[in-house]
Amino acid sequence: MADKGGAYGTKAADTDFRKKWDKEEYAERAKKKDQEERERMQENEERMKKGKRPLKGRKDDLPKPTQLMQQREAPLELDKNLGKTMVVQNPGGKGPGQPGFYCETCNRTYKDSVGYLDHINSRAHLRALGQTTKIERSTLAQVQARIAYLREKTKEAASAKAFDFDQRLAEVREKEREIRENKKAERKAEKEKARLAMIQDDGDSEMAALMGFGGFGSTKK
Amino acid sequence: MANTTVSGATAIHGQNPQFLVETVIRNRIYESTYWKEHCFALTAESIIDKAIEVRFIGGVYGNQKPTEFLCLLLKLLQIQPEKEILVEYLRADEFKYLRALAALYIRMTFRAVDVYELLEPLLKDYRKLRLRNMSGYSLVFMDEFVYSLLTEERVCDIIMPRLAKRQVLEENGELGPRKSRLLAAMQGDSDQEDKDSSKSRSTNTMDVDVKES
Ligand SMILES: [Zn+2]
């Protein structure tokens, strides 16, 4: 034991796989970090003098947001799986396939719709999407155009509905007419059959049959 | 952010416009799913689509749940669209719930003179609106609703900011007398009433009758 030197001086071959400290690199990194921190503190001091809130350290190096806050394009369909039984693929793990609502952008899962909604409305999520927290200001022209568009759309919808109704009514009438006609034809055919049968059975009434009527009253014998 | 007032907004009645909705109800709105899901990132343009889908006006109902109408009102207070945009909402007469929303917003945020001038013509809009409150559903006419905006202290569970009396504004010469204005409008209308059905004109002038469609 003693000849192996101190605990830190060991040259055991079985620990060679461990990463060697690149002292220079780490010194460089530490220096840079200190530098950033110093700059931040200086900046914060300036801000404090102006009575502003100090900035917190930057957590991640996301690119600067390039877009204003955007409305979500598709409906969220938060209740699309309501009442369904889902198979959970990797219980206890992270990422997709977890029960709940998953945010792909941030790789996070939320247990309920409220937590999920709060997340997708949050600054962090918007930042990940490259959006600021400011909304676009609509111009009067945009508003006018939207109203004009919606006006046309509702008009179309209303006329389409009316058209549908008219068409449906016509279809129903046509069907009723057909049924009526079929019945009429049936009745006619039956009468004709009865008449023919009568002619064959009843020689006496031949004359009457020829004249187009099978006698008055009962045709029974 | 999702709940903050737009930066550069002007204070209304000396405060953050969103505070015109009292704290308890405001928080109810912030917590509501409709707010989180549908009101997020709405602009003065995209809010129109939401407003025309509204099926009833009102403040809170049931278990103090805010109506969509109320959520959209708070959204307007938050984004504070330009005055002309509100007038445009008011003019879109086929969208009566958008009009009702604009009327409420105008009452809460515009100068008294503008409130009278913009809302009084709506006293001739006799269309029905559905109202939902703690006691359930009921019907109210647009003119009734506008009248309550001009006269009552509380509408849709919101305390109306103080509104200078019409008479005072008239005496100061800030506002013309209402009667003659109405009369003129009515006379102007009755001339044309028989010739066309006044529907198309309503987009150009506010002083027209609007009929139930
Ligand atoms: Zn996210």
# chains A, B, ... in the order shown; residues from 1 in each chain; ligands from 1
$ interface_residues --of "chain B" --to "chain A" --cutoff "9 Å" --atoms "only C-alpha atoms" --output "PyMOL selection string"
chain B and resi 1-2+6-7+31+33+36-46+48-49+79+81-82+84-85+88-89+92+94-95
$ write_last_selection --atoms "N, CA and C atoms" --output "mmCIF file, in the first residue's frame"
data_model
loop_
_atom_site.group_PDB
_atom_site.id
_atom_site.type_symbol
_atom_site.label_atom_id
_atom_site.label_comp_id
_atom_site.auth_asym_id
_atom_site.auth_seq_id
_atom_site.Cartn_x
_atom_site.Cartn_y
_atom_site.Cartn_z
ATOM 1 N N MET B 1 -46.694 39.635 -22.473
ATOM 2 C CA MET B 1 -47.060 38.279 -22.053
ATOM 3 C C MET B 1 -48.548 38.018 -22.215
ATOM 4 N N ALA B 2 -48.920 36.821 -21.904
ATOM 5 C CA ALA B 2 -50.312 36.416 -22.117
ATOM 6 C C ALA B 2 -51.308 37.312 -21.380
ATOM 7 N N VAL B 6 -50.585 45.685 -23.224
ATOM 8 C CA VAL B 6 -49.645 45.993 -24.283
ATOM 9 C C VAL B 6 -48.763 47.165 -23.862
ATOM 10 N N SER B 7 -47.466 47.086 -24.223
ATOM 11 C CA SER B 7 -46.598 48.185 -23.813
ATOM 12 C C SER B 7 -46.937 49.432 -24.624
ATOM 13 N N GLU B 31 -57.696 32.706 -15.333
ATOM 14 C CA GLU B 31 -57.662 31.267 -15.048
ATOM 15 C C GLU B 31 -58.515 30.447 -16.006
ATOM 16 N N THR B 33 -60.182 28.580 -19.156
ATOM 17 C CA THR B 33 -59.611 27.867 -20.298
ATOM 18 C C THR B 33 -59.814 28.658 -21.585
ATOM 19 N N LYS B 36 -57.057 31.152 -21.836
ATOM 20 C CA LYS B 36 -55.752 30.565 -22.109
ATOM 21 C C LYS B 36 -55.662 29.960 -23.499
ATOM 22 N N GLU B 37 -56.768 29.348 -23.898
ATOM 23 C CA GLU B 37 -56.718 28.630 -25.168
ATOM 24 C C GLU B 37 -57.048 29.530 -26.360
ATOM 25 N N HIS B 38 -58.062 30.369 -26.215
ATOM 26 C CA HIS B 38 -58.544 31.105 -27.380
ATOM 27 C C HIS B 38 -58.165 32.584 -27.423
ATOM 28 N N CYS B 39 -57.858 33.158 -26.299
ATOM 29 C CA CYS B 39 -57.574 34.597 -26.300
ATOM 30 C C CYS B 39 -56.086 34.891 -26.412
ATOM 31 N N PHE B 40 -55.280 33.851 -26.401
ATOM 32 C CA PHE B 40 -53.843 34.050 -26.441
ATOM 33 C C PHE B 40 -53.418 34.689 -27.765
ATOM 34 N N ALA B 41 -52.612 35.750 -27.654
ATOM 35 C CA ALA B 41 -52.017 36.412 -28.824
ATOM 36 C C ALA B 41 -53.029 36.967 -29.818
ATOM 37 N N LEU B 42 -54.252 37.229 -29.364
ATOM 38 C CA LEU B 42 -55.226 37.827 -30.277
ATOM 39 C C LEU B 42 -54.816 39.259 -30.599
ATOM 40 N N THR B 43 -55.097 39.655 -31.832
ATOM 41 C CA THR B 43 -54.850 41.032 -32.241
ATOM 42 C C THR B 43 -56.194 41.703 -32.504
ATOM 43 N N ALA B 44 -56.143 42.992 -32.782
ATOM 44 C CA ALA B 44 -57.381 43.710 -33.088
ATOM 45 C C ALA B 44 -58.059 43.105 -34.312
ATOM 46 N N GLU B 45 -57.268 42.441 -35.130
ATOM 47 C CA GLU B 45 -57.824 41.806 -36.329
ATOM 48 C C GLU B 45 -58.390 40.423 -36.006
ATOM 49 N N SER B 46 -57.613 39.600 -35.323
ATOM 50 C CA SER B 46 -58.060 38.219 -35.113
ATOM 51 C C SER B 46 -59.142 38.106 -34.034
ATOM 52 N N ILE B 48 -61.809 39.672 -34.036
ATOM 53 C CA ILE B 48 -63.111 39.780 -34.718
ATOM 54 C C ILE B 48 -63.715 38.389 -34.905
ATOM 55 N N ASP B 49 -62.887 37.459 -35.355
ATOM 56 C CA ASP B 49 -63.362 36.086 -35.567
ATOM 57 C C ASP B 49 -63.950 35.496 -34.293
ATOM 58 N N ILE B 79 -55.085 44.916 -25.251
ATOM 59 C CA ILE B 79 -54.361 45.281 -26.482
ATOM 60 C C ILE B 79 -54.663 46.706 -26.925
ATOM 61 N N PRO B 81 -56.856 48.611 -28.935
ATOM 62 C CA PRO B 81 -56.799 48.978 -30.356
ATOM 63 C C PRO B 81 -57.097 50.475 -30.543
ATOM 64 N N GLU B 82 -56.732 50.998 -31.690
ATOM 65 C CA GLU B 82 -56.985 52.407 -31.971
ATOM 66 C C GLU B 82 -58.478 52.674 -32.024
ATOM 67 N N GLU B 84 -60.283 54.256 -34.141
ATOM 68 C CA GLU B 84 -60.958 54.019 -35.428
ATOM 69 C C GLU B 84 -61.323 52.547 -35.585
ATOM 70 N N ILE B 85 -60.500 51.697 -35.004
ATOM 71 C CA ILE B 85 -60.776 50.259 -35.113
ATOM 72 C C ILE B 85 -62.056 49.908 -34.347
ATOM 73 N N GLU B 88 -64.956 50.860 -36.297
ATOM 74 C CA GLU B 88 -65.135 49.877 -37.367
ATOM 75 C C GLU B 88 -65.899 48.644 -36.856
ATOM 76 N N TYR B 89 -65.583 48.214 -35.662
ATOM 77 C CA TYR B 89 -66.313 47.090 -35.049
ATOM 78 C C TYR B 89 -67.798 47.449 -34.923
ATOM 79 N N ALA B 92 -69.817 47.278 -38.202
ATOM 80 C CA ALA B 92 -70.071 45.987 -38.847
ATOM 81 C C ALA B 92 -71.399 45.457 -38.330
ATOM 82 N N GLU B 94 -73.764 43.514 -39.243
ATOM 83 C CA GLU B 94 -74.285 42.139 -39.273
ATOM 84 C C GLU B 94 -73.732 41.293 -38.130
ATOM 85 N N PHE B 95 -72.702 41.804 -37.462
ATOM 86 C CA PHE B 95 -72.136 41.038 -36.354
ATOM 87 C C PHE B 95 -72.540 41.687 -35.040
#
$ residues_near_ligand --ligand "ligand 1" --cutoff "12 Å" --atoms "only C-alpha atoms and all ligand atoms" --output "list in words"
Gly95, Phe101, Tyr102, Cys103, Glu104, Thr105, Cys106, Asn107, Arg108, Thr109, Tyr110, Gly115, Tyr116, Leu117, Asp118, His119, Ile120, Asn121, Ser122, Arg123, Ala124, His125, Leu126, Arg127, Ala128, Leu129, Gly130 and Gln131 of chain A
$ write_last_selection --atoms "N, CA and C atoms" --output "PDB file, in the first residue's frame"
ATOM      1  N   GLY A  95     -39.959  12.581 -22.331  1.00  0.00           N
ATOM      2  CA  GLY A  95     -40.200  12.722 -23.752  1.00  0.00           C
ATOM      3  C   GLY A  95     -41.574  12.261 -24.165  1.00  0.00           C
ATOM      4  N   PHE A 101     -49.990  15.869 -21.705  1.00  0.00           N
ATOM      5  CA  PHE A 101     -49.833  16.709 -22.884  1.00  0.00           C
ATOM      6  C   PHE A 101     -48.354  16.982 -23.108  1.00  0.00           C
ATOM      7  N   TYR A 102     -47.919  16.699 -24.316  1.00  0.00           N
ATOM      8  CA  TYR A 102     -46.496  16.784 -24.609  1.00  0.00           C
ATOM      9  C   TYR A 102     -46.191  18.007 -25.470  1.00  0.00           C
ATOM     10  N   CYS A 103     -45.196  18.772 -25.089  1.00  0.00           N
ATOM     11  CA  CYS A 103     -44.741  19.887 -25.920  1.00  0.00           C
ATOM     12  C   CYS A 103     -43.495  19.446 -26.657  1.00  0.00           C
ATOM     13  N   GLU A 104     -43.635  19.334 -27.959  1.00  0.00           N
ATOM     14  CA  GLU A 104     -42.539  18.846 -28.785  1.00  0.00           C
ATOM     15  C   GLU A 104     -41.362  19.812 -28.773  1.00  0.00           C
ATOM     16  N   THR A 105     -41.698  21.082 -28.852  1.00  0.00           N
ATOM     17  CA  THR A 105     -40.645  22.099 -28.935  1.00  0.00           C
ATOM     18  C   THR A 105     -39.716  22.028 -27.724  1.00  0.00           C
ATOM     19  N   CYS A 106     -40.319  21.884 -26.564  1.00  0.00           N
ATOM     20  CA  CYS A 106     -39.519  21.946 -25.341  1.00  0.00           C
ATOM     21  C   CYS A 106     -39.255  20.563 -24.749  1.00  0.00           C
ATOM     22  N   ASN A 107     -39.785  19.534 -25.361  1.00  0.00           N
ATOM     23  CA  ASN A 107     -39.637  18.161 -24.875  1.00  0.00           C
ATOM     24  C   ASN A 107     -40.079  18.032 -23.417  1.00  0.00           C
ATOM     25  N   ARG A 108     -41.266  18.485 -23.167  1.00  0.00           N
ATOM     26  CA  ARG A 108     -41.777  18.391 -21.804  1.00  0.00           C
ATOM     27  C   ARG A 108     -43.204  17.888 -21.825  1.00  0.00           C
ATOM     28  N   THR A 109     -43.583  17.199 -20.777  1.00  0.00           N
ATOM     29  CA  THR A 109     -44.933  16.654 -20.706  1.00  0.00           C
ATOM     30  C   THR A 109     -45.659  17.252 -19.511  1.00  0.00           C
ATOM     31  N   TYR A 110     -46.931  17.541 -19.719  1.00  0.00           N
ATOM     32  CA  TYR A 110     -47.735  18.121 -18.639  1.00  0.00           C
ATOM     33  C   TYR A 110     -48.893  17.206 -18.318  1.00  0.00           C
ATOM     34  N   GLY A 115     -51.912  22.889 -17.072  1.00  0.00           N
ATOM     35  CA  GLY A 115     -50.452  23.003 -17.026  1.00  0.00           C
ATOM     36  C   GLY A 115     -49.875  23.169 -18.420  1.00  0.00           C
ATOM     37  N   TYR A 116     -50.435  22.419 -19.339  1.00  0.00           N
ATOM     38  CA  TYR A 116     -49.974  22.493 -20.726  1.00  0.00           C
ATOM     39  C   TYR A 116     -50.253  23.869 -21.325  1.00  0.00           C
ATOM     40  N   LEU A 117     -51.478  24.354 -21.108  1.00  0.00           N
ATOM     41  CA  LEU A 117     -51.838  25.681 -21.629  1.00  0.00           C
ATOM     42  C   LEU A 117     -50.930  26.757 -21.054  1.00  0.00           C
ATOM     43  N   ASP A 118     -50.694  26.664 -19.738  1.00  0.00           N
ATOM     44  CA  ASP A 118     -49.819  27.650 -19.102  1.00  0.00           C
ATOM     45  C   ASP A 118     -48.434  27.599 -19.724  1.00  0.00           C
ATOM     46  N   HIS A 119     -48.007  26.381 -20.018  1.00  0.00           N
ATOM     47  CA  HIS A 119     -46.679  26.255 -20.620  1.00  0.00           C
ATOM     48  C   HIS A 119     -46.627  26.875 -22.014  1.00  0.00           C
ATOM     49  N   ILE A 120     -47.576  26.494 -22.875  1.00  0.00           N
ATOM     50  CA  ILE A 120     -47.474  26.994 -24.252  1.00  0.00           C
ATOM     51  C   ILE A 120     -47.748  28.494 -24.344  1.00  0.00           C
ATOM     52  N   ASN A 121     -48.281  29.076 -23.293  1.00  0.00           N
ATOM     53  CA  ASN A 121     -48.434  30.529 -23.273  1.00  0.00           C
ATOM     54  C   ASN A 121     -47.243  31.209 -22.588  1.00  0.00           C
ATOM     55  N   SER A 122     -46.309  30.407 -22.122  1.00  0.00           N
ATOM     56  CA  SER A 122     -45.254  30.976 -21.283  1.00  0.00           C
ATOM     57  C   SER A 122     -44.130  31.607 -22.097  1.00  0.00           C
ATOM     58  N   ARG A 123     -43.423  32.462 -21.420  1.00  0.00           N
ATOM     59  CA  ARG A 123     -42.295  33.147 -22.031  1.00  0.00           C
ATOM     60  C   ARG A 123     -41.256  32.141 -22.547  1.00  0.00           C
ATOM     61  N   ALA A 124     -40.988  31.112 -21.713  1.00  0.00           N
ATOM     62  CA  ALA A 124     -39.950  30.144 -22.066  1.00  0.00           C
ATOM     63  C   ALA A 124     -40.304  29.426 -23.364  1.00  0.00           C
ATOM     64  N   HIS A 125     -41.563  29.022 -23.476  1.00  0.00           N
ATOM     65  CA  HIS A 125     -41.987  28.303 -24.665  1.00  0.00           C
ATOM     66  C   HIS A 125     -41.931  29.211 -25.898  1.00  0.00           C
ATOM     67  N   LEU A 126     -42.383  30.420 -25.728  1.00  0.00           N
ATOM     68  CA  LEU A 126     -42.359  31.372 -26.845  1.00  0.00           C
ATOM     69  C   LEU A 126     -40.929  31.609 -27.299  1.00  0.00           C
ATOM     70  N   ARG A 127     -40.046  31.694 -26.312  1.00  0.00           N
ATOM     71  CA  ARG A 127     -38.636  31.918 -26.598  1.00  0.00           C
ATOM     72  C   ARG A 127     -38.105  30.758 -27.433  1.00  0.00           C
ATOM     73  N   ALA A 128     -38.499  29.545 -27.051  1.00  0.00           N
ATOM     74  CA  ALA A 128     -38.049  28.365 -27.783  1.00  0.00           C
ATOM     75  C   ALA A 128     -38.583  28.378 -29.215  1.00  0.00           C
ATOM     76  N   LEU A 129     -39.731  29.006 -29.404  1.00  0.00           N
ATOM     77  CA  LEU A 129     -40.308  29.106 -30.743  1.00  0.00           C
ATOM     78  C   LEU A 129     -39.711  30.268 -31.523  1.00  0.00           C
ATOM     79  N   GLY A 130     -38.889  31.046 -30.840  1.00  0.00           N
ATOM     80  CA  GLY A 130     -38.306  32.210 -31.497  1.00  0.00           C
ATOM     81  C   GLY A 130     -39.261  33.388 -31.572  1.00  0.00           C
ATOM     82  N   GLN A 131     -40.194  33.431 -30.611  1.00  0.00           N
ATOM     83  CA  GLN A 131     -41.143  34.543 -30.604  1.00  0.00           C
ATOM     84  C   GLN A 131     -40.916  35.436 -29.392  1.00  0.00           C
TER      85      GLN A 131
END
$ select_by_dssp --residues "segment 101-218 of chain A" --states "strand (DSSP E)" --output "PyMOL selection string"
chain A and resi 101-103+108-110+131-135
$ write_last_selection --atoms "N, CA, C and O atoms" --output "mmCIF file, in the first residue's frame"
data_model
loop_
_atom_site.group_PDB
_atom_site.id
_atom_site.type_symbol
_atom_site.label_atom_id
_atom_site.label_comp_id
_atom_site.auth_asym_id
_atom_site.auth_seq_id
_atom_site.Cartn_x
_atom_site.Cartn_y
_atom_site.Cartn_z
ATOM 1 N N PHE A 101 -49.990 15.869 -21.705
ATOM 2 C CA PHE A 101 -49.833 16.709 -22.884
ATOM 3 C C PHE A 101 -48.354 16.982 -23.108
ATOM 4 O O PHE A 101 -47.651 17.439 -22.224
ATOM 5 N N TYR A 102 -47.919 16.699 -24.316
ATOM 6 C CA TYR A 102 -46.496 16.784 -24.609
ATOM 7 C C TYR A 102 -46.191 18.007 -25.470
ATOM 8 O O TYR A 102 -46.879 18.266 -26.461
ATOM 9 N N CYS A 103 -45.196 18.772 -25.089
ATOM 10 C CA CYS A 103 -44.741 19.887 -25.920
ATOM 11 C C CYS A 103 -43.495 19.446 -26.657
ATOM 12 O O CYS A 103 -42.465 19.190 -26.048
ATOM 13 N N ARG A 108 -41.266 18.485 -23.167
ATOM 14 C CA ARG A 108 -41.777 18.391 -21.804
ATOM 15 C C ARG A 108 -43.204 17.888 -21.825
ATOM 16 O O ARG A 108 -43.934 18.121 -22.782
ATOM 17 N N THR A 109 -43.583 17.199 -20.777
ATOM 18 C CA THR A 109 -44.933 16.654 -20.706
ATOM 19 C C THR A 109 -45.659 17.252 -19.511
ATOM 20 O O THR A 109 -45.055 17.442 -18.453
ATOM 21 N N TYR A 110 -46.931 17.541 -19.719
ATOM 22 C CA TYR A 110 -47.735 18.121 -18.639
ATOM 23 C C TYR A 110 -48.893 17.206 -18.318
ATOM 24 O O TYR A 110 -49.508 16.633 -19.208
ATOM 25 N N GLN A 131 -40.194 33.431 -30.611
ATOM 26 C CA GLN A 131 -41.143 34.543 -30.604
ATOM 27 C C GLN A 131 -40.916 35.436 -29.392
ATOM 28 O O GLN A 131 -40.552 34.967 -28.327
ATOM 29 N N THR A 132 -41.169 36.710 -29.593
ATOM 30 C CA THR A 132 -41.105 37.633 -28.467
ATOM 31 C C THR A 132 -42.435 37.561 -27.737
ATOM 32 O O THR A 132 -43.331 36.815 -28.121
ATOM 33 N N THR A 133 -42.586 38.357 -26.716
ATOM 34 C CA THR A 133 -43.856 38.347 -25.985
ATOM 35 C C THR A 133 -44.735 39.516 -26.401
ATOM 36 O O THR A 133 -45.690 39.851 -25.724
ATOM 37 N N LYS A 134 -44.385 40.111 -27.515
ATOM 38 C CA LYS A 134 -45.198 41.239 -27.994
ATOM 39 C C LYS A 134 -46.100 40.781 -29.127
ATOM 40 O O LYS A 134 -45.723 39.922 -29.913
ATOM 41 N N ILE A 135 -47.280 41.364 -29.186
ATOM 42 C CA ILE A 135 -48.162 41.011 -30.298
ATOM 43 C C ILE A 135 -48.089 42.080 -31.372
ATOM 44 O O ILE A 135 -47.722 43.220 -31.124
#
$ select_by_dssp --residues "segment 73-154 of chain B" --states "helix (DSSP H, G or I)" --output "count of residues only"
53
$ residues_around --residues "Gln167 of chain B" --least-positions-apart "3" --cutoff "12 Å" --atoms "only C-alpha atoms" --output "number ranges by chain"
B: 112-113, 116, 163-164, 170-178
$ write_last_selection --atoms "N, CA and C atoms" --output "PDB file, in the first residue's frame"
ATOM      1  N   ALA B 112     -66.506  61.009 -22.729  1.00  0.00           N
ATOM      2  CA  ALA B 112     -67.971  61.042 -22.611  1.00  0.00           C
ATOM      3  C   ALA B 112     -68.644  61.492 -23.912  1.00  0.00           C
ATOM      4  N   VAL B 113     -68.090  62.545 -24.527  1.00  0.00           N
ATOM      5  CA  VAL B 113     -68.691  63.060 -25.759  1.00  0.00           C
ATOM      6  C   VAL B 113     -68.741  61.966 -26.828  1.00  0.00           C
ATOM      7  N   TYR B 116     -71.422  59.262 -26.090  1.00  0.00           N
ATOM      8  CA  TYR B 116     -72.777  59.622 -26.505  1.00  0.00           C
ATOM      9  C   TYR B 116     -72.916  59.598 -28.023  1.00  0.00           C
ATOM     10  N   LEU B 163     -69.606  58.662 -16.067  1.00  0.00           N
ATOM     11  CA  LEU B 163     -69.870  59.268 -17.372  1.00  0.00           C
ATOM     12  C   LEU B 163     -70.546  60.616 -17.135  1.00  0.00           C
ATOM     13  N   ALA B 164     -69.959  61.657 -17.690  1.00  0.00           N
ATOM     14  CA  ALA B 164     -70.550  62.988 -17.514  1.00  0.00           C
ATOM     15  C   ALA B 164     -71.972  62.989 -18.053  1.00  0.00           C
ATOM     16  N   GLU B 170     -73.930  69.202 -22.966  1.00  0.00           N
ATOM     17  CA  GLU B 170     -74.689  70.094 -23.843  1.00  0.00           C
ATOM     18  C   GLU B 170     -74.508  71.538 -23.422  1.00  0.00           C
ATOM     19  N   GLU B 171     -74.566  71.746 -22.111  1.00  0.00           N
ATOM     20  CA  GLU B 171     -74.425  73.103 -21.597  1.00  0.00           C
ATOM     21  C   GLU B 171     -73.040  73.670 -21.889  1.00  0.00           C
ATOM     22  N   ASN B 172     -72.047  72.795 -21.857  1.00  0.00           N
ATOM     23  CA  ASN B 172     -70.691  73.234 -22.188  1.00  0.00           C
ATOM     24  C   ASN B 172     -70.492  73.413 -23.683  1.00  0.00           C
ATOM     25  N   GLY B 173     -71.501  73.032 -24.421  1.00  0.00           N
ATOM     26  CA  GLY B 173     -71.402  73.152 -25.870  1.00  0.00           C
ATOM     27  C   GLY B 173     -70.546  72.073 -26.509  1.00  0.00           C
ATOM     28  N   GLU B 174     -70.249  71.024 -25.740  1.00  0.00           N
ATOM     29  CA  GLU B 174     -69.417  69.953 -26.292  1.00  0.00           C
ATOM     30  C   GLU B 174     -70.235  68.971 -27.118  1.00  0.00           C
ATOM     31  N   LEU B 175     -71.524  68.958 -26.823  1.00  0.00           N
ATOM     32  CA  LEU B 175     -72.380  67.962 -27.455  1.00  0.00           C
ATOM     33  C   LEU B 175     -73.652  68.646 -27.939  1.00  0.00           C
ATOM     34  N   GLY B 176     -74.035  68.337 -29.167  1.00  0.00           N
ATOM     35  CA  GLY B 176     -75.280  68.893 -29.681  1.00  0.00           C
ATOM     36  C   GLY B 176     -76.454  68.221 -29.007  1.00  0.00           C
ATOM     37  N   PRO B 177     -77.606  68.870 -29.027  1.00  0.00           N
ATOM     38  CA  PRO B 177     -78.772  68.230 -28.407  1.00  0.00           C
ATOM     39  C   PRO B 177     -79.128  66.942 -29.140  1.00  0.00           C
ATOM     40  N   ARG B 178     -79.500  65.953 -28.371  1.00  0.00           N
ATOM     41  CA  ARG B 178     -79.709  64.639 -28.955  1.00  0.00           C
ATOM     42  C   ARG B 178     -80.969  64.588 -29.813  1.00  0.00           C
TER      43      ARG B 178
END
$ residues_around --residues "Ala11 of chain B" --least-positions-apart "5" --cutoff "12 Å" --atoms "only C-alpha atoms" --output "NGL selection string"
:B and (5-6 or 16-20 or 77-78 or 80 or 109-110)
$ write_last_selection --atoms "N, CA and C atoms" --output "PDB file, in the first residue's frame"
ATOM      1  N   THR B   5     -50.741  44.037 -20.112  1.00  0.00           N
ATOM      2  CA  THR B   5     -51.257  45.058 -21.009  1.00  0.00           C
ATOM      3  C   THR B   5     -50.170  45.390 -22.022  1.00  0.00           C
ATOM      4  N   VAL B   6     -50.585  45.685 -23.224  1.00  0.00           N
ATOM      5  CA  VAL B   6     -49.645  45.993 -24.283  1.00  0.00           C
ATOM      6  C   VAL B   6     -48.763  47.165 -23.862  1.00  0.00           C
ATOM      7  N   ASN B  16     -54.223  51.349 -15.289  1.00  0.00           N
ATOM      8  CA  ASN B  16     -54.047  50.306 -16.290  1.00  0.00           C
ATOM      9  C   ASN B  16     -55.448  49.886 -16.775  1.00  0.00           C
ATOM     10  N   PRO B  17     -55.674  49.951 -18.067  1.00  0.00           N
ATOM     11  CA  PRO B  17     -57.035  49.652 -18.550  1.00  0.00           C
ATOM     12  C   PRO B  17     -57.594  48.318 -18.067  1.00  0.00           C
ATOM     13  N   GLN B  18     -56.745  47.338 -17.896  1.00  0.00           N
ATOM     14  CA  GLN B  18     -57.251  46.027 -17.459  1.00  0.00           C
ATOM     15  C   GLN B  18     -57.873  46.084 -16.062  1.00  0.00           C
ATOM     16  N   PHE B  19     -57.469  47.076 -15.279  1.00  0.00           N
ATOM     17  CA  PHE B  19     -58.006  47.190 -13.917  1.00  0.00           C
ATOM     18  C   PHE B  19     -59.453  47.658 -13.900  1.00  0.00           C
ATOM     19  N   LEU B  20     -59.972  48.037 -15.066  1.00  0.00           N
ATOM     20  CA  LEU B  20     -61.390  48.399 -15.131  1.00  0.00           C
ATOM     21  C   LEU B  20     -62.257  47.168 -14.872  1.00  0.00           C
ATOM     22  N   LEU B  77     -59.162  45.439 -23.631  1.00  0.00           N
ATOM     23  CA  LEU B  77     -58.535  46.360 -22.683  1.00  0.00           C
ATOM     24  C   LEU B  77     -57.024  46.153 -22.672  1.00  0.00           C
ATOM     25  N   GLN B  78     -56.637  44.910 -22.885  1.00  0.00           N
ATOM     26  CA  GLN B  78     -55.220  44.571 -22.866  1.00  0.00           C
ATOM     27  C   GLN B  78     -54.487  45.077 -24.096  1.00  0.00           C
ATOM     28  N   GLN B  80     -55.675  47.294 -26.374  1.00  0.00           N
ATOM     29  CA  GLN B  80     -56.023  48.697 -26.642  1.00  0.00           C
ATOM     30  C   GLN B  80     -55.912  49.077 -28.125  1.00  0.00           C
ATOM     31  N   THR B 109     -64.053  53.187 -22.064  1.00  0.00           N
ATOM     32  CA  THR B 109     -62.741  53.799 -22.295  1.00  0.00           C
ATOM     33  C   THR B 109     -62.756  55.136 -23.048  1.00  0.00           C
ATOM     34  N   PHE B 110     -63.832  55.449 -23.745  1.00  0.00           N
ATOM     35  CA  PHE B 110     -63.814  56.667 -24.555  1.00  0.00           C
ATOM     36  C   PHE B 110     -64.245  57.890 -23.749  1.00  0.00           C
TER      37      PHE B 110
END
$ atom_distance --atom1 "atom CA of Gly59 of chain B" --atom2 "atom CA of Leu73 of chain B"
10.1 Å
$ atom_distance --atom1 "atom CA of Phe141 of chain B" --atom2 "atom CA of Tyr126 of chain B"
5.6 Å
$ atom_distance --atom1 "atom CA of Val87 of chain B" --atom2 "atom CA of Leu122 of chain B"
12.2 Å
$ residues_around --residues "segment 149-155 of chain B" --least-positions-apart "3" --cutoff "8 Å" --atoms "only C-alpha atoms" --output "PyMOL selection string"
chain B and resi 59+104+107+116+145-146+158-161+163
$ decode --residues "segment 184-189 of chain A" --atoms "N, CA, C and O atoms" --output "PDB file, in the first residue's frame"
ATOM      1  N   LYS A 184    -100.040   4.491 -57.747  1.00  0.00           N
ATOM      2  CA  LYS A 184    -101.048   4.647 -58.789  1.00  0.00           C
ATOM      3  C   LYS A 184    -100.914   3.525 -59.809  1.00  0.00           C
ATOM      4  O   LYS A 184    -101.894   2.883 -60.186  1.00  0.00           O
ATOM      5  N   ALA A 185     -99.689   3.334 -60.264  1.00  0.00           N
ATOM      6  CA  ALA A 185     -99.410   2.314 -61.279  1.00  0.00           C
ATOM      7  C   ALA A 185     -99.806   0.942 -60.762  1.00  0.00           C
ATOM      8  O   ALA A 185    -100.401   0.134 -61.477  1.00  0.00           O
ATOM      9  N   GLU A 186     -99.492   0.704 -59.486  1.00  0.00           N
ATOM     10  CA  GLU A 186     -99.829  -0.575 -58.891  1.00  0.00           C
ATOM     11  C   GLU A 186    -101.338  -0.810 -58.900  1.00  0.00           C
ATOM     12  O   GLU A 186    -101.819  -1.877 -59.289  1.00  0.00           O
ATOM     13  N   ARG A 187    -102.004   0.249 -58.433  1.00  0.00           N
ATOM     14  CA  ARG A 187    -103.471   0.135 -58.399  1.00  0.00           C
ATOM     15  C   ARG A 187    -104.045  -0.131 -59.780  1.00  0.00           C
ATOM     16  O   ARG A 187    -104.920  -0.962 -59.976  1.00  0.00           O
ATOM     17  N   LYS A 188    -103.492   0.545 -60.743  1.00  0.00           N
ATOM     18  CA  LYS A 188    -103.941   0.410 -62.120  1.00  0.00           C
ATOM     19  C   LYS A 188    -103.738  -1.024 -62.601  1.00  0.00           C
ATOM     20  O   LYS A 188    -104.631  -1.633 -63.197  1.00  0.00           O
ATOM     21  N   ALA A 189    -102.552  -1.519 -62.331  1.00  0.00           N
ATOM     22  CA  ALA A 189    -102.213  -2.883 -62.769  1.00  0.00           C
ATOM     23  C   ALA A 189    -103.157  -3.884 -62.132  1.00  0.00           C
ATOM     24  O   ALA A 189    -103.635  -4.817 -62.779  1.00  0.00           O
TER      25      ALA A 189
END
